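As stored in data-v9.pdb (PDB, C-alpha atoms and all ligand atoms):
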```pdb
MODEL        1
ATOM      1  CA  MET A   9      11.293  17.684  -0.439  1.00  0.00           C
ATOM      2  CA  ILE A  10      10.869  13.958  -0.142  1.00  0.00           C
ATOM      3  CA  ARG A  11       7.673  12.173  -1.075  1.00  0.00           C
ATOM      4  CA  ALA A  12       7.225   9.576   1.639  1.00  0.00           C
ATOM      5  CA  PHE A  13       4.882   6.932   2.943  1.00  0.00           C
ATOM      6  CA  ALA A  14       4.736   4.208   5.583  1.00  0.00           C
ATOM      7  CA  ALA A  15       4.023   0.708   4.372  1.00  0.00           C
ATOM      8  CA  ILE A  16       4.203  -2.994   5.012  1.00  0.00           C
ATOM      9  CA  ALA A  17       6.503  -4.895   2.670  1.00  0.00           C
ATOM     10  CA  LEU A  18       5.199  -8.164   1.264  1.00  0.00           C
ATOM     11  CA  PRO A  19       7.080 -11.474   1.338  1.00  0.00           C
ATOM     12  CA  ASP A  20       8.460 -12.670  -2.025  1.00  0.00           C
ATOM     13  CA  ALA A  21       6.035 -15.602  -2.155  1.00  0.00           C
ATOM     14  CA  ILE A  22       3.062 -13.253  -1.784  1.00  0.00           C
ATOM     15  CA  ARG A  23       4.379 -10.908  -4.452  1.00  0.00           C
ATOM     16  CA  THR A  24       4.822 -13.879  -6.772  1.00  0.00           C
ATOM     17  CA  GLU A  25       1.155 -14.745  -6.295  1.00  0.00           C
ATOM     18  CA  LEU A  26       0.166 -11.144  -6.946  1.00  0.00           C
ATOM     19  CA  VAL A  27       2.211 -11.065 -10.148  1.00  0.00           C
ATOM     20  CA  ARG A  28       0.403 -14.203 -11.299  1.00  0.00           C
ATOM     21  CA  MET A  29      -2.912 -12.510 -10.552  1.00  0.00           C
ATOM     22  CA  GLN A  30      -1.830  -9.329 -12.375  1.00  0.00           C
ATOM     23  CA  ALA A  31      -1.120 -11.397 -15.491  1.00  0.00           C
ATOM     24  CA  SER A  32      -4.792 -12.398 -15.629  1.00  0.00           C
ATOM     25  CA  LEU A  33      -5.996  -8.781 -15.573  1.00  0.00           C
ATOM     26  CA  PRO A  34      -6.586  -6.683 -18.693  1.00  0.00           C
ATOM     27  CA  VAL A  35      -4.217  -3.904 -17.595  1.00  0.00           C
ATOM     28  CA  LYS A  36      -1.404  -2.389 -19.621  1.00  0.00           C
ATOM     29  CA  ARG A  37       0.974  -1.386 -16.882  1.00  0.00           C
ATOM     30  CA  PRO A  38       0.798  -3.540 -13.778  1.00  0.00           C
ATOM     31  CA  VAL A  39       2.650  -2.262 -10.699  1.00  0.00           C
ATOM     32  CA  PRO A  40       6.135  -3.832 -10.935  1.00  0.00           C
ATOM     33  CA  GLU A  41       6.762  -6.693  -8.536  1.00  0.00           C
ATOM     34  CA  GLU A  42       9.330  -4.751  -6.502  1.00  0.00           C
ATOM     35  CA  ASN A  43       6.797  -1.950  -5.916  1.00  0.00           C
ATOM     36  CA  LEU A  44       3.956  -4.084  -4.522  1.00  0.00           C
ATOM     37  CA  HIS A  45       3.254  -3.042  -0.917  1.00  0.00           C
ATOM     38  CA  LEU A  46       0.536  -2.275   1.604  1.00  0.00           C
ATOM     39  CA  THR A  47       0.423   1.438   2.424  1.00  0.00           C
ATOM     40  CA  LEU A  48      -0.329   2.404   6.021  1.00  0.00           C
ATOM     41  CA  VAL A  49      -0.077   6.180   5.720  1.00  0.00           C
ATOM     42  CA  PHE A  50       0.749   8.439   2.796  1.00  0.00           C
ATOM     43  CA  LEU A  51       2.891  11.241   4.234  1.00  0.00           C
ATOM     44  CA  GLY A  52       3.145  13.529   1.197  1.00  0.00           C
ATOM     45  CA  GLU A  53       6.111  15.768   0.385  1.00  0.00           C
ATOM     46  CA  LEU A  54       8.201  16.317   3.492  1.00  0.00           C
ATOM     47  CA  ALA A  55      11.200  18.517   4.193  1.00  0.00           C
ATOM     48  CA  GLU A  56      14.111  16.509   5.548  1.00  0.00           C
ATOM     49  CA  PRO A  57      13.876  17.732   9.178  1.00  0.00           C
ATOM     50  CA  LEU A  58      10.209  16.692   9.283  1.00  0.00           C
ATOM     51  CA  LEU A  59      11.078  13.316   7.793  1.00  0.00           C
ATOM     52  CA  GLU A  60      13.615  12.925  10.586  1.00  0.00           C
ATOM     53  CA  GLU A  61      10.902  13.742  13.165  1.00  0.00           C
ATOM     54  CA  VAL A  62       8.709  11.072  11.596  1.00  0.00           C
ATOM     55  CA  HIS A  63      11.560   8.586  11.836  1.00  0.00           C
ATOM     56  CA  VAL A  64      11.998   9.381  15.539  1.00  0.00           C
ATOM     57  CA  ALA A  65       8.252   8.953  16.141  1.00  0.00           C
ATOM     58  CA  PHE A  66       8.087   5.666  14.215  1.00  0.00           C
ATOM     59  CA  SER A  67      11.146   4.379  16.099  1.00  0.00           C
ATOM     60  CA  ALA A  68       9.302   4.917  19.400  1.00  0.00           C
ATOM     61  CA  LEU A  69       6.087   3.211  18.258  1.00  0.00           C
ATOM     62  CA  HIS A  70       5.023  -0.033  19.940  1.00  0.00           C
ATOM     63  CA  ALA A  71       2.491  -2.348  18.348  1.00  0.00           C
ATOM     64  CA  PRO A  72       2.161  -6.099  17.982  1.00  0.00           C
ATOM     65  CA  GLY A  73       3.015  -7.936  14.796  1.00  0.00           C
ATOM     66  CA  CYS A  74       0.251  -9.885  13.093  1.00  0.00           C
ATOM     67  CA  ASP A  75      -0.661 -12.270  10.311  1.00  0.00           C
ATOM     68  CA  LEU A  76      -2.384 -10.891   7.232  1.00  0.00           C
ATOM     69  CA  THR A  77      -4.233 -12.526   4.366  1.00  0.00           C
ATOM     70  CA  LEU A  78      -4.905 -10.990   0.977  1.00  0.00           C
ATOM     71  CA  ASP A  79      -8.512 -11.518   0.050  1.00  0.00           C
ATOM     72  CA  GLY A  80     -10.252 -10.730  -3.232  1.00  0.00           C
ATOM     73  CA  LEU A  81      -9.823  -7.977  -5.799  1.00  0.00           C
ATOM     74  CA  GLY A  82     -11.466  -4.595  -6.122  1.00  0.00           C
ATOM     75  CA  LEU A  83     -11.590  -1.325  -8.029  1.00  0.00           C
ATOM     76  CA  PHE A  84     -11.330   2.182  -6.616  1.00  0.00           C
ATOM     77  CA  GLY A  85     -12.891   5.116  -8.381  1.00  0.00           C
ATOM     78  CA  GLY A  86     -16.521   4.150  -8.849  1.00  0.00           C
ATOM     79  CA  ARG A  87     -17.702   4.253 -12.453  1.00  0.00           C
ATOM     80  CA  LYS A  88     -14.351   5.574 -13.597  1.00  0.00           C
ATOM     81  CA  PRO A  89     -11.988   3.137 -11.908  1.00  0.00           C
ATOM     82  CA  ARG A  90      -8.521   4.501 -11.301  1.00  0.00           C
ATOM     83  CA  LEU A  91      -6.881   1.502  -9.751  1.00  0.00           C
ATOM     84  CA  VAL A  92      -7.300  -2.217  -9.275  1.00  0.00           C
ATOM     85  CA  HIS A  93      -6.198  -3.713  -6.001  1.00  0.00           C
ATOM     86  CA  ALA A  94      -6.059  -6.830  -3.878  1.00  0.00           C
ATOM     87  CA  GLY A  95      -8.032  -6.488  -0.641  1.00  0.00           C
ATOM     88  CA  LEU A  96      -7.199  -7.743   2.826  1.00  0.00           C
ATOM     89  CA  ALA A  97      -9.064 -10.001   5.190  1.00  0.00           C
ATOM     90  CA  GLU A  98     -10.280  -7.929   8.142  1.00  0.00           C
ATOM     91  CA  SER A  99      -7.610  -7.578  10.815  1.00  0.00           C
ATOM     92  CA  ALA A 100      -8.039  -5.636  14.034  1.00  0.00           C
ATOM     93  CA  ASP A 101      -4.255  -5.776  14.489  1.00  0.00           C
ATOM     94  CA  LEU A 102      -3.722  -4.100  11.118  1.00  0.00           C
ATOM     95  CA  ARG A 103      -6.231  -1.349  11.983  1.00  0.00           C
ATOM     96  CA  HIS A 104      -4.536  -0.852  15.323  1.00  0.00           C
ATOM     97  CA  LEU A 105      -1.118  -0.601  13.681  1.00  0.00           C
ATOM     98  CA  GLN A 106      -2.385   1.773  10.994  1.00  0.00           C
ATOM     99  CA  ALA A 107      -4.009   4.051  13.586  1.00  0.00           C
ATOM    100  CA  LYS A 108      -0.789   4.142  15.619  1.00  0.00           C
ATOM    101  CA  VAL A 109       1.376   4.908  12.587  1.00  0.00           C
ATOM    102  CA  GLU A 110      -1.009   7.664  11.501  1.00  0.00           C
ATOM    103  CA  GLN A 111      -1.093   9.089  15.030  1.00  0.00           C
ATOM    104  CA  ALA A 112       2.728   9.021  15.196  1.00  0.00           C
ATOM    105  CA  ALA A 113       2.968  10.843  11.859  1.00  0.00           C
ATOM    106  CA  ARG A 114       0.524  13.527  13.030  1.00  0.00           C
ATOM    107  CA  GLY A 115       2.355  13.818  16.346  1.00  0.00           C
ATOM    108  CA  ALA A 116       5.565  14.442  14.422  1.00  0.00           C
ATOM    109  CA  GLY A 117       3.853  17.307  12.594  1.00  0.00           C
ATOM    110  CA  VAL A 118       2.730  15.738   9.325  1.00  0.00           C
ATOM    111  CA  VAL A 119      -0.609  16.890   7.942  1.00  0.00           C
ATOM    112  CA  VAL A 120      -2.253  13.563   7.116  1.00  0.00           C
ATOM    113  CA  GLU A 121      -5.423  13.544   5.041  1.00  0.00           C
ATOM    114  CA  HIS A 122      -8.502  12.442   7.002  1.00  0.00           C
ATOM    115  CA  ARG A 123      -9.410   9.447   4.911  1.00  0.00           C
ATOM    116  CA  ARG A 124     -10.912   6.184   5.971  1.00  0.00           C
ATOM    117  CA  PHE A 125      -8.230   3.499   5.847  1.00  0.00           C
ATOM    118  CA  ILE A 126      -9.086   0.904   3.239  1.00  0.00           C
ATOM    119  CA  PRO A 127      -6.298  -1.655   3.355  1.00  0.00           C
ATOM    120  CA  HIS A 128      -5.233  -2.701  -0.135  1.00  0.00           C
ATOM    121  CA  VAL A 129      -2.319  -3.591  -2.362  1.00  0.00           C
ATOM    122  CA  THR A 130      -2.471  -1.666  -5.628  1.00  0.00           C
ATOM    123  CA  LEU A 131      -1.986  -4.014  -8.580  1.00  0.00           C
ATOM    124  CA  ALA A 132      -2.352  -1.463 -11.394  1.00  0.00           C
ATOM    125  CA  TYR A 133      -3.139   2.205 -11.900  1.00  0.00           C
ATOM    126  CA  LEU A 134      -5.596   2.678 -14.741  1.00  0.00           C
ATOM    127  CA  ASP A 135      -5.877   5.243 -17.463  1.00  0.00           C
ATOM    128  CA  PRO A 136      -9.641   5.941 -17.402  1.00  0.00           C
ATOM    129  CA  ALA A 137      -9.593   7.042 -21.037  1.00  0.00           C
ATOM    130  CA  ARG A 138      -8.164   3.760 -22.208  1.00  0.00           C
ATOM    131  CA  ILE A 139      -9.721   0.983 -20.193  1.00  0.00           C
ATOM    132  CA  ASP A 140     -12.418  -1.432 -21.183  1.00  0.00           C
ATOM    133  CA  CYS A 141     -14.545  -1.168 -18.023  1.00  0.00           C
ATOM    134  CA  ASP A 142     -16.725  -4.195 -18.705  1.00  0.00           C
ATOM    135  CA  ARG A 143     -13.766  -6.450 -19.338  1.00  0.00           C
ATOM    136  CA  LEU A 144     -11.985  -5.167 -16.262  1.00  0.00           C
ATOM    137  CA  GLU A 145     -15.050  -5.590 -14.056  1.00  0.00           C
ATOM    138  CA  ARG A 146     -15.437  -9.163 -15.271  1.00  0.00           C
ATOM    139  CA  ALA A 147     -11.775  -9.883 -14.515  1.00  0.00           C
ATOM    140  CA  VAL A 148     -12.081  -8.370 -11.026  1.00  0.00           C
ATOM    141  CA  ALA A 149     -15.264 -10.352 -10.349  1.00  0.00           C
ATOM    142  CA  GLY A 150     -13.419 -13.457 -11.591  1.00  0.00           C
ATOM    143  CA  GLY A 151     -10.696 -12.776  -9.011  1.00  0.00           C
ATOM    144  CA  ALA A 152     -13.118 -12.734  -6.061  1.00  0.00           C
ATOM    145  CA  ALA A 153     -11.768 -16.075  -4.873  1.00  0.00           C
ATOM    146  CA  PHE A 154      -8.176 -14.809  -4.865  1.00  0.00           C
ATOM    147  CA  ARG A 155      -6.437 -15.481  -1.547  1.00  0.00           C
ATOM    148  CA  ALA A 156      -2.785 -15.220  -0.578  1.00  0.00           C
ATOM    149  CA  GLY A 157      -1.328 -15.893   2.836  1.00  0.00           C
ATOM    150  CA  PRO A 158      -1.568 -15.717   5.730  1.00  0.00           C
ATOM    151  CA  PHE A 159       1.842 -14.113   6.005  1.00  0.00           C
ATOM    152  CA  PRO A 160       3.548 -12.721   9.098  1.00  0.00           C
ATOM    153  CA  VAL A 161       4.042  -8.984   9.517  1.00  0.00           C
ATOM    154  CA  THR A 162       7.029  -8.375  11.764  1.00  0.00           C
ATOM    155  CA  GLY A 163       7.623  -4.720  10.948  1.00  0.00           C
ATOM    156  CA  PHE A 164       6.781  -1.761   8.787  1.00  0.00           C
ATOM    157  CA  GLY A 165       8.900   0.640   6.793  1.00  0.00           C
ATOM    158  CA  LEU A 166       9.355   4.295   5.913  1.00  0.00           C
ATOM    159  CA  TYR A 167       9.679   4.710   2.151  1.00  0.00           C
ATOM    160  CA  ARG A 168      10.532   7.463  -0.241  1.00  0.00           C
ATOM    161  CA  SER A 169       8.922   7.621  -3.649  1.00  0.00           C
ATOM    162  CA  ASP A 170      10.769   9.056  -6.645  1.00  0.00           C
ATOM    163  CA  ARG A 171       8.676   9.436  -9.712  1.00  0.00           C
ATOM    164  CA  GLY A 172      10.307   9.405 -13.113  1.00  0.00           C
ATOM    165  CA  HIS A 173       9.446   8.541 -16.692  1.00  0.00           C
ATOM    166  CA  GLY A 174       9.682   4.833 -15.996  1.00  0.00           C
ATOM    167  CA  GLY A 175       7.155   5.112 -13.127  1.00  0.00           C
ATOM    168  CA  ALA A 176       7.691   5.368  -9.391  1.00  0.00           C
ATOM    169  CA  ARG A 177      10.747   3.988  -7.618  1.00  0.00           C
ATOM    170  CA  TYR A 178      10.347   3.228  -3.911  1.00  0.00           C
ATOM    171  CA  THR A 179      13.260   3.113  -1.503  1.00  0.00           C
ATOM    172  CA  GLU A 180      13.057   1.854   2.065  1.00  0.00           C
ATOM    173  CA  LEU A 181      14.603   4.512   4.329  1.00  0.00           C
ATOM    174  CA  ALA A 182      14.078   2.720   7.645  1.00  0.00           C
ATOM    175  CA  ARG A 183      12.410  -0.348   9.054  1.00  0.00           C
ATOM    176  CA  TYR A 184      10.618  -0.586  12.416  1.00  0.00           C
ATOM    177  CA  PRO A 185      10.129  -3.948  14.126  1.00  0.00           C
ATOM    178  CA  LEU A 186       6.819  -4.864  15.726  1.00  0.00           C
ATOM    179  CA  SER A 187       6.637  -6.894  18.916  1.00  0.00           C
ATOM    180  CA  ALA A 188       6.311 -10.664  18.746  1.00  0.00           C
TER     181      ALA A 188
HETATM  182  P1  LIG A 201      -2.445   3.785  -3.718  1.00  0.00           P
HETATM  183  O1  LIG A 201      -1.684   2.526  -3.994  1.00  0.00           O
HETATM  184  O2  LIG A 201      -3.803   3.561  -3.185  1.00  0.00           O
HETATM  185  O3  LIG A 201      -2.390   4.751  -4.866  1.00  0.00           O
HETATM  186  C1  LIG A 201       2.903   5.577  -2.737  1.00  0.00           C
HETATM  187  O4  LIG A 201       2.403   6.463  -3.665  1.00  0.00           O
HETATM  188  C2  LIG A 201       1.801   5.002  -1.905  1.00  0.00           C
HETATM  189  O5  LIG A 201       1.116   6.050  -1.208  1.00  0.00           O
HETATM  190  C3  LIG A 201       0.766   4.250  -2.725  1.00  0.00           C
HETATM  191  O6  LIG A 201       0.531   3.032  -2.102  1.00  0.00           O
HETATM  192  C4  LIG A 201      -0.454   5.137  -2.679  1.00  0.00           C
HETATM  193  O7  LIG A 201      -1.660   4.477  -2.517  1.00  0.00           O
HETATM  194  C5  LIG A 201      -0.273   5.908  -1.411  1.00  0.00           C
HETATM  195  N1  LIG A 201      -1.022   7.169  -1.453  1.00  0.00           N
HETATM  196  C6  LIG A 201      -2.028   7.511  -0.649  1.00  0.00           C
HETATM  197  N2  LIG A 201      -2.467   8.737  -0.906  1.00  0.00           N
HETATM  198  C7  LIG A 201      -1.757   9.183  -1.944  1.00  0.00           C
HETATM  199  C8  LIG A 201      -1.770  10.392  -2.690  1.00  0.00           C
HETATM  200  N3  LIG A 201      -2.583  11.420  -2.399  1.00  0.00           N
HETATM  201  N4  LIG A 201      -0.913  10.475  -3.697  1.00  0.00           N
HETATM  202  C9  LIG A 201      -0.088   9.441  -3.997  1.00  0.00           C
HETATM  203  N5  LIG A 201      -0.012   8.305  -3.321  1.00  0.00           N
HETATM  204  C10 LIG A 201      -0.846   8.165  -2.304  1.00  0.00           C
ENDMDL
END
```

Show me this structure written as structure tokens.
Ligand code: 2AM
Amino acid sequence: MIRAFAAIALPDAIRTELVRMQASLPVKRPVPEENLHLTLVFLGELAEPLLEEVHVAFSALHAPGCDLTLDGLGLFGGRKPRLVHAGLAESADLRHLQAKVEQAARGAGVVVEHRRFIPHVTLAYLDPARIDCDRLERAVAGGAAFRAGPFPVTGFGLYRSDRGHGGARYTELARYPLSA
């Protein structure tokens, strides 16, 4: 089984800005620079034939490219935050793309969780037992003015995730261009 997801890769310059922002956060294990991405759809654990079906469906998908801007920081998990992320400026194009990618994955036979899409780039996963919530909330509030971009999105990718002791390793399996 292959743990897979669809995502937008970030340009180097944007990742550099995110790394700078991570350094100002009181987190022990920031997401490594090479792992920073914007997830469109988490596909779960797929058998190889199903992954191939997904690839065929993604290859046939048509959607326009767009420009995206990272905007602000946030926490997910309510009073017990489990991750800190950078948000995105609202983009109808991004929502359109995400809906199409999700629809293509379902059409290929993937059971996708019915969750509202909240576009974000995860900057760090948190260990709820070991974080200083007040300090973290102050740092996130202090990052409200964070902006990066706009940057052009010309495609999206299919990724596999392999989790080991050193954390997750993501590998791009295929890349799908968006129209100009
Ligand atoms: P996250 O950054 O919000 O945790 C690879 O794990 C990608 O798939 C991550 O970007 C992760 O989002 C996303 N994802 C979505 N749902 C997931 C789930 N149930 N388990 C693991 N990752 C998930």

Surroundings of ligand LIG 201 (chain A) up to 9 Å, based on all atoms listed in the file, as a ChimeraX atom specification: /A:11-15,43-52,84,90-91,93,121,126-133,167-169,176,178

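Rounded to one decimal, atom CA of Arg87 of chain A and atom CA of Gln106 of chain A lie 28.1 Å from each other.
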
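Omitting Ala21 of chain A and its sequence neighbours fewer than 2 positions away, and counting all atoms listed in the file, the residues within 12 Å are A:Ala17, A:Leu18, A:Pro19, A:Arg23, A:Thr24, A:Glu25, A:Leu26, A:Val27, A:Arg28, A:Glu41, A:Leu44, A:Ala156, A:Gly157, A:Pro158, A:Phe159, A:Pro160.
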
Using all atoms listed in the file, determine which residues lie at most 8 Å from Ala188 of chain A, disregarding the query and same-chain residues fewer than 3 positions distant; provide the list as a ChimeraX atom specification. /A:72-73,162

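Straight-line separation from atom CA of Ala116 of chain A to atom CA of Glu61 of chain A: 5.5 Å.
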
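Residue nearest Leu58 of chain A, chosen from A:Val92, A:Ile10, A:Ala153, A:Leu166 and counting all atoms listed in the file: A:Ile10.
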
All residues 6 Å or closer to Gly95 of chain A, all atoms listed in the file, same chain fewer than 2 positions away omitted, as a list in words: Leu78, Asp79, Gly80, Leu81 and His128 of chain A

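Distance annotation: of A:Ala94, A:Ile22, A:Glu60, A:Gly85, the residue with the minimal separation from Gly151 of chain A is A:Ala94; atom set is only C-alpha atoms.
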
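Evaluated on this file, the PyMOL selection byres (((chain A and resi 34) around 9) and not hetatm) matches Gln30, Ala31, Ser32, Leu33, Val35, Lys36, Ile139, Asp140, Arg143, Leu144 and Ala147 of chain A.
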
Mind telling me what the PyMOL selection byres (((chain A and resi 114) around 12) and not hetatm) catches here, as a VMD selection string? chain A and resid 49 to 51 58 to 59 61 to 62 65 to 66 107 to 113 115 to 122

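With all atoms listed in the file as the atoms that count, the minimum distance from Phe154 of chain A to the choices A:Ala182, A:Leu96, A:Cys74, A:Leu83 is reached by A:Leu96.
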
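Here atom CA of Glu180 of chain A and atom CA of Pro89 of chain A stand 28.7 Å from one another.
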
Need to verify the contact set: Ala71 of chain A, 9 Å, all atoms listed in the file, exclusion of same-chain residues closer than 2 positions in sequence. Can you return it as number ranges by chain? A: 69, 73, 101, 104-105, 108, 185-187

Residue subset to file, keeping C-alpha atoms, as a tab-separated table (two decimals), keeping the file's coordinate frame:
```tsv
chain	number	residue	atom	x	y	z
A	69	LEU	CA	6.09	3.21	18.26
A	73	GLY	CA	3.02	-7.94	14.80
A	101	ASP	CA	-4.26	-5.78	14.49
A	104	HIS	CA	-4.54	-0.85	15.32
A	105	LEU	CA	-1.12	-0.60	13.68
A	108	LYS	CA	-0.79	4.14	15.62
A	185	PRO	CA	10.13	-3.95	14.13
A	186	LEU	CA	6.82	-4.86	15.73
A	187	SER	CA	6.64	-6.89	18.92
```

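Residue nearest Arg138 of chain A, chosen from A:Leu76, A:Arg37, A:His63, A:His173 and counting only C-alpha atoms: A:Arg37.
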
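Counting only C-alpha atoms, the residue from A:Asp20, A:Asp75, A:Ala100, A:Glu53 that sits nearest to Val161 of chain A is A:Asp75.
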
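Minimum atom-to-atom distance to Phe164 of chain A, evaluated using only C-alpha atoms, belongs to A:Arg183 out of A:Arg103, A:Arg123, A:Arg183, A:His70.
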